[in-house]
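What follows is a short report on a single structure.
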Amino acid sequence: MTPTEIALSHYTLPFNLKPFQVEVVDDLGPLDGEGHYLDPGTGKTACSTVVALFRKIYYGERCVVIMPPILLKQWESWLKTIKPSLSVVKYAGTPAERKAMSLDADFVLVGIQIFKKEYMRFENHFRDLKYVTIVDEATMISNIGTDNHEKLMDFTLGKARLMLTGTPLNNPEDAYGLLKFVAPGVYRNKTAFMRIHSFSQDFFGKTVEWGNLELLAENMSLNSKRVLLADVYEQMPKVSYIPLHYDLDPKHLKLYRKLAEEELLRLPDGGKIDATQATKLMHALGQIVMNWGHFAGDPKLESETVTLVKEKLDELGDGKLLIFAHYRMSVALLASALAKYGVVTVNSEVTAKQKQINLERFVNDPKCRVMVAQVKSAGYGLDSLQNVCNHAMYVEPCTSPRDFTQSVARLVRMGQDKPVQVYMAIASGTLQPRSFNNLLEKDEIVNQVIRNVADLRDMIFGS
C-alpha cells in the first residue's frame with residue numbers, strides 16, 4: 001500500500017485528495033526531510049497532514065506543528081474535520097493555562113515564539129518519543145543565524161521534518177537555510193555555499209551577483225515537490241497587475257525633498273552613508289509619502305495616496321478592497337481616513353483574537369468594504385478573503401517577492417470566481433519607483449532558482 005492508502009485506510013478527510021496531492025504524499029511521505037513547496041491554495045496543509053497520519057500509523061510517530069501564531073486556529077479547525085477524531089492540543093493561552101496542558105496528543109500545535117520560549121519543555125517531553133515536526137511557513141527558518149533556525153534544527157535533529165511554504169525564496173541565499181532541513185549535506189557549510197553561488201558583493205558585503213543557479217535549482221528539487229496553482233487549477237481567474245503611477249502635491253513633494261536633504265546633511269562631512277543610516281533614511285522617507293499631515297505638522301493635509309485609494313473605492317461601487325501598507329503609522333492613518341467605508345485593520349498592533357473578528361467582519365458585513373493590512377500580518381495564512389474580494393492595492397511598496405506572492409494569494413486561491421486586479425501605487429519623485437523595480441529584479445533572480453508561475457515583470461508589462 002502507498003502512504004496515502006495507508007493513511008486513508010484509517011482516517012477520513014472531509015474531501016478527496018486530488019491526484020497531484022496524492023503524488024506529493026506518496027513521493028515525500030517516507031522521507032525524513034521533506035520540502036512541501038506548494039503554492040498557497042493548493043493544499044499543503046492537507047498533504048502534510050496525510051503524511052503525518054501515514055507516519056503515525058506506519059512508524060508510530062506523533063506530530064508537532066510549529067507555525068506563526070495566526071495559523072493556530074486554522075490548523076486546529078482543520079484537524080477537527082478528520083474522522084475518527086484525533087487528539088489535538090493547541091498550545092496557547094496564558095502561562096498558567098499552558099502549564100496545565102498536556103503534550104500527550106496526536107498533534108501538538110504551537111506558535112514559533114512560545115515554542116522558543118518554552119523550548120526545554122518540548123525538548124524534555126519529546127526527547128525519548130517518536131515524532132515528526134511540521135514547520136508551516138518554513139521561510140521563518142531560512143536565515144541560519146536566527147534563533148528560529150537554531151531551535152528548530154536542534155529539535156528536529158535525527159527526526160522526520162516537513163518544511164511547508166508556498167513561496168520558498170526571497171533571494172538565493174534563503175535556499176541554504178531550507179536545504180539544511182530538507183537535504184542536509186548538499187553543501188558542507190554556509191561558506192561553501194557562498195563560494196559556489198555568490199559571485200560578487202557590494203560595499204556592505206551583500207551579494208549583488210549570484211551564479212551557478214542551475215545547480216542551486218537542482219539542489220532545491222531534492223526531497224521536495226514544487227506545485228504551482230496554475231499547474232493544477234487551469235480554470236483559476238486571470239490576475240492583472242496594474243502599476244498606478246501618481247504625483248504628490250507639489251508642497252508635499254517639496255517637504256519630502258527637504259527632509260531628505262536634512263537627513264543627508266546630518267552625515268559627517270566626507271563620510272560614507274553606512275547600511276544602518278541608509279535603512280533609517282529609507283524608512284523615514286517611506287513614511288512621508290503616505291503621512292504628509294504628520295510630517296508637515298498639519299493633520300488636515302491629505303496625501304494624494306489617500307485620494308487615490310478613495311477614488312478606487314468610488315470606482316468599485318459596493319465592492320471591497322484589500323489594502324496593503326508597510327508602516328504602522330500608515331495603517332493607522334488609513335483606518336481614520338477610510339472610516340466611512342467600515343474599515344478594519346490587521347497589523348502587528350492587533351491581537352490574534354481581534355484579527356479574527358476583523359476578518360469575519362470584512363467577509364460577512366457588506367458595509368465593511370476595506371481591510372487595511374501589513375503584509376507580514378495578513379499576507380500569510382488568512383483565508384476566505386477570496387470569497388468576497390477580488391481587488392487589492394499596495395499603497396506602499398512590497399520589495400520581497402515572497403511576501404508579495406503570499407499576500408496576493410489571499411485573493412488568488414480556490415473559491416475566487418472573479419478576475420483579480422492588483423494595483424501598485426507608485427509615487428513619482430520618491431523612493432517608490434526604485435523599490436518597485438527592486439521587487440521585479442529580485443523576482444527575476446528567484447525564478448532562476450525555483451520555478452514560479454511566471455516572471456512578475458512579464459505579468460505586469462506583458463513582455
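In the C-alpha cells, chains take letters A, B, ... by order of appearance, with residues numbered from 1 within each chain and ligands from 1 in the order shown.
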
Need to verify the contact set: A:Val395, 9 Å, only C-alpha atoms, exclusion of same-chain residues closer than 4 positions in sequence. Can you return it as an MDAnalysis selection string? chainID A and resid 290 305:306 309 323:326 423:426

Can you write just those residues out, N, CA and C atoms, as a compact mmCIF listing (two decimals), in the first residue's frame?
```txt
# COMPACT_ATOMS: atom_id res chain seq x y z
N MET A 290 2.89 58.64 2.53
CA MET A 290 1.51 58.47 2.97
C MET A 290 1.12 59.51 4.02
N THR A 305 -1.94 59.81 -2.02
CA THR A 305 -2.11 58.36 -1.89
C THR A 305 -3.49 58.04 -1.35
N VAL A 306 -3.90 58.76 -0.31
CA VAL A 306 -5.23 58.54 0.28
C VAL A 306 -6.31 58.90 -0.73
N VAL A 309 -6.73 56.09 -3.13
CA VAL A 309 -7.50 54.98 -2.55
C VAL A 309 -8.99 55.29 -2.59
N ILE A 323 -6.24 46.44 1.18
CA ILE A 323 -5.13 47.39 1.06
C ILE A 323 -3.95 46.89 1.88
N PHE A 324 -2.76 46.89 1.27
CA PHE A 324 -1.54 46.52 1.99
C PHE A 324 -0.68 47.77 2.16
N ALA A 325 -0.31 48.04 3.41
CA ALA A 325 0.61 49.13 3.74
C ALA A 325 1.78 48.55 4.52
N HIS A 326 2.88 49.27 4.54
CA HIS A 326 4.08 48.76 5.19
C HIS A 326 4.22 49.25 6.63
N TYR A 423 -3.39 46.40 -7.70
CA TYR A 423 -2.89 47.73 -8.02
C TYR A 423 -1.68 48.04 -7.15
N MET A 424 -0.66 48.64 -7.75
CA MET A 424 0.54 49.03 -7.02
C MET A 424 0.73 50.54 -7.17
N ALA A 425 0.44 51.28 -6.11
CA ALA A 425 0.56 52.74 -6.13
C ALA A 425 2.04 53.12 -6.04
N ILE A 426 2.49 53.96 -6.98
CA ILE A 426 3.90 54.34 -7.05
C ILE A 426 4.00 55.85 -7.18
```

Just the residues within 7 Å of stretch 88-100 of chain A, please, counting only C-alpha atoms, with nothing from its chain fewer than 6 positions along; format it as a list in words.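 So, after excluding close chain neighbours, the residues are Leu72, Glu76, Asp106, Phe107, Val108, Leu109 and Val110 of chain A.
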
Those same residues, written as a PDB file, in the first residue's frame with C-alpha atoms?
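Output (part02.pdb):
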```pdb
ATOM      1  CA  LEU A  72      -3.112  28.072  15.068  1.00  0.00           C
ATOM      2  CA  GLU A  76      -6.991  23.253  14.920  1.00  0.00           C
ATOM      3  CA  ASP A 106      -1.538  13.023  18.223  1.00  0.00           C
ATOM      4  CA  PHE A 107      -0.928  16.627  17.137  1.00  0.00           C
ATOM      5  CA  VAL A 108       0.560  19.448  19.201  1.00  0.00           C
ATOM      6  CA  LEU A 109       0.138  22.890  17.613  1.00  0.00           C
ATOM      7  CA  VAL A 110       2.358  25.735  18.787  1.00  0.00           C
TER       8      VAL A 110
END
```

Tell me, in Å to one decimal, how far atom CA of A:Phe193 is from atom CA of A:Asn219.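 Going from atom CA of A:Phe193 over to atom CA of A:Asn219, I get 11.5 Å.
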
Quick one: pull the distance between atom CA of A:His391 and atom CA of A:Val412, Å, one decimal. 10.2 Å

Can you pull out the residues contacting A:Ser142? Cut-off 8 Å, using only C-alpha atoms, and skip same-chain residues under 3 positions away; I want them as a PDB file with C-alpha atoms, in the first residue's frame.
```pdb
ATOM      1  CA  ALA A 138       9.141  27.473   6.773  1.00  0.00           C
ATOM      2  CA  THR A 139      10.648  30.683   5.429  1.00  0.00           C
ATOM      3  CA  HIS A 149      16.643  28.204  12.762  1.00  0.00           C
ATOM      4  CA  ASP A 174      17.439  31.628   1.606  1.00  0.00           C
ATOM      5  CA  ALA A 175      17.935  28.281  -0.142  1.00  0.00           C
ATOM      6  CA  TYR A 176      20.789  27.282   2.142  1.00  0.00           C
ATOM      7  CA  GLY A 177      18.706  27.534   5.320  1.00  0.00           C
ATOM      8  CA  LEU A 178      15.944  25.357   3.842  1.00  0.00           C
TER       9      LEU A 178
END
```

Just the strand (DSSP E) stuff from stretch 100-248 of chain A, please, per backbone DSSP, written as number ranges by chain. A: 107-111, 131-136, 160-164, 198-201, 207-210, 224-227, 239-246

For A:Val449, work out the shell of residues within 12 Å, counting only C-alpha atoms and skipping chain neighbours fewer than 4 positions away, then give it as a ChimeraX atom specification. /A:167-176,197,210-221,226,442-445

The selected residues should be written to file as a PDB file, in the first residue's frame (atoms: C-alpha atoms).
```
ATOM      1  CA  THR A 167       6.991  30.852  -1.534  1.00  0.00           C
ATOM      2  CA  PRO A 168      10.323  29.265  -0.594  1.00  0.00           C
ATOM      3  CA  LEU A 169      12.751  32.031  -1.521  1.00  0.00           C
ATOM      4  CA  ASN A 170      13.120  35.738  -1.203  1.00  0.00           C
ATOM      5  CA  ASN A 171      16.649  35.520  -2.613  1.00  0.00           C
ATOM      6  CA  PRO A 172      19.051  32.648  -3.435  1.00  0.00           C
ATOM      7  CA  GLU A 173      20.688  32.855  -0.008  1.00  0.00           C
ATOM      8  CA  ASP A 174      17.439  31.628   1.606  1.00  0.00           C
ATOM      9  CA  ALA A 175      17.935  28.281  -0.142  1.00  0.00           C
ATOM     10  CA  TYR A 176      20.789  27.282   2.142  1.00  0.00           C
ATOM     11  CA  HIS A 197      26.959  30.812  -5.667  1.00  0.00           C
ATOM     12  CA  TRP A 210      24.568  35.172  -7.943  1.00  0.00           C
ATOM     13  CA  GLY A 211      25.919  32.298 -10.032  1.00  0.00           C
ATOM     14  CA  ASN A 212      25.581  28.565 -10.662  1.00  0.00           C
ATOM     15  CA  LEU A 213      21.842  28.980 -10.236  1.00  0.00           C
ATOM     16  CA  GLU A 214      21.097  25.880 -12.326  1.00  0.00           C
ATOM     17  CA  LEU A 215      22.941  23.807  -9.734  1.00  0.00           C
ATOM     18  CA  LEU A 216      21.084  25.536  -6.914  1.00  0.00           C
ATOM     19  CA  ALA A 217      17.751  24.892  -8.648  1.00  0.00           C
ATOM     20  CA  GLU A 218      18.656  21.214  -8.982  1.00  0.00           C
ATOM     21  CA  ASN A 219      19.539  21.011  -5.292  1.00  0.00           C
ATOM     22  CA  MET A 220      16.305  22.749  -4.294  1.00  0.00           C
ATOM     23  CA  SER A 221      14.364  19.991  -6.042  1.00  0.00           C
ATOM     24  CA  ARG A 226       7.025  22.300  -6.131  1.00  0.00           C
ATOM     25  CA  LYS A 442      14.583  40.137  -7.077  1.00  0.00           C
ATOM     26  CA  ASP A 443      11.730  38.161  -8.615  1.00  0.00           C
ATOM     27  CA  GLU A 444      13.751  37.504 -11.771  1.00  0.00           C
ATOM     28  CA  ILE A 445      16.688  36.164  -9.726  1.00  0.00           C
TER      29      ILE A 445
END
```

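With only C-alpha atoms as the basis for measurement, A:Val50 is the residue among A:Met120, A:Val50, A:Met414, A:Leu439 that approaches A:Val22 most closely.
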
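Shortest atom-to-atom contact with A:Pro69 among A:Ile141, A:Leu308, A:Leu38, A:Leu382: A:Leu382, counting only C-alpha atoms.
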
Find the residues near A:Met67: any atom within 7 Å, counting only C-alpha atoms, skip ones fewer than 4 places away on the same chain, and give them as a PyMOL selection string. chain A and resi 71+110-112+135-137

When you draw a straight line from atom CA of A:Ile57 to atom CA of A:Pro84, how long is it in Å? 13.4 Å

Using DSSP on the backbone coordinates, identify all residues within stretch 26-77 of chain A classified as helix (DSSP H, G or I); present the result as an MDAnalysis selection string. chainID A and resid 26:28 44:59 69:77

Write a file of the selected residues as a compact mmCIF listing (two decimals), in the first residue's frame, keeping C-alpha atoms.
```
# COMPACT_ATOMS: atom_id res chain seq x y z
CA ASP A 26 3.37 9.19 -1.80
CA ASP A 27 6.67 10.59 -3.05
CA LEU A 28 7.63 12.51 0.10
CA LYS A 44 -0.02 21.91 1.58
CA THR A 45 -1.81 21.65 4.95
CA ALA A 46 -3.82 18.66 3.74
CA CYS A 47 -0.80 16.95 2.15
CA SER A 48 1.39 17.37 5.22
CA THR A 49 -1.40 16.14 7.48
CA VAL A 50 -1.82 12.95 5.44
CA VAL A 51 1.96 12.43 5.61
CA ALA A 52 1.76 12.82 9.40
CA LEU A 53 -1.14 10.33 9.58
CA PHE A 54 0.83 7.85 7.49
CA ARG A 55 3.82 8.21 9.79
CA LYS A 56 1.59 7.87 12.85
CA ILE A 57 0.28 4.54 11.57
CA TYR A 58 3.45 3.19 9.97
CA TYR A 59 6.17 4.48 12.31
CA PRO A 69 0.55 32.11 15.79
CA ILE A 70 -2.07 33.43 13.38
CA LEU A 71 -2.34 29.95 11.82
CA LEU A 72 -3.11 28.07 15.07
CA LYS A 73 -6.89 28.35 14.84
CA GLN A 74 -6.94 27.28 11.20
CA TRP A 75 -4.84 24.20 11.94
CA GLU A 76 -6.99 23.25 14.92
CA SER A 77 -10.23 23.67 12.94
```

Residues near stretch 359-364 of chain A, anyone? I mean within 8 Å using only C-alpha atoms, not counting same-chain ones fewer than 3 positions away, as a PyMOL selection string. chain A and resi 344+355-356+368-371+384-385+387-388

Considering only C-alpha atoms, return as a count of residues only whatever protein or nucleic-acid residues lie within 12 Å of A:Arg127, sequence-local ones (same chain, fewer than 2 positions apart) excluded. 16
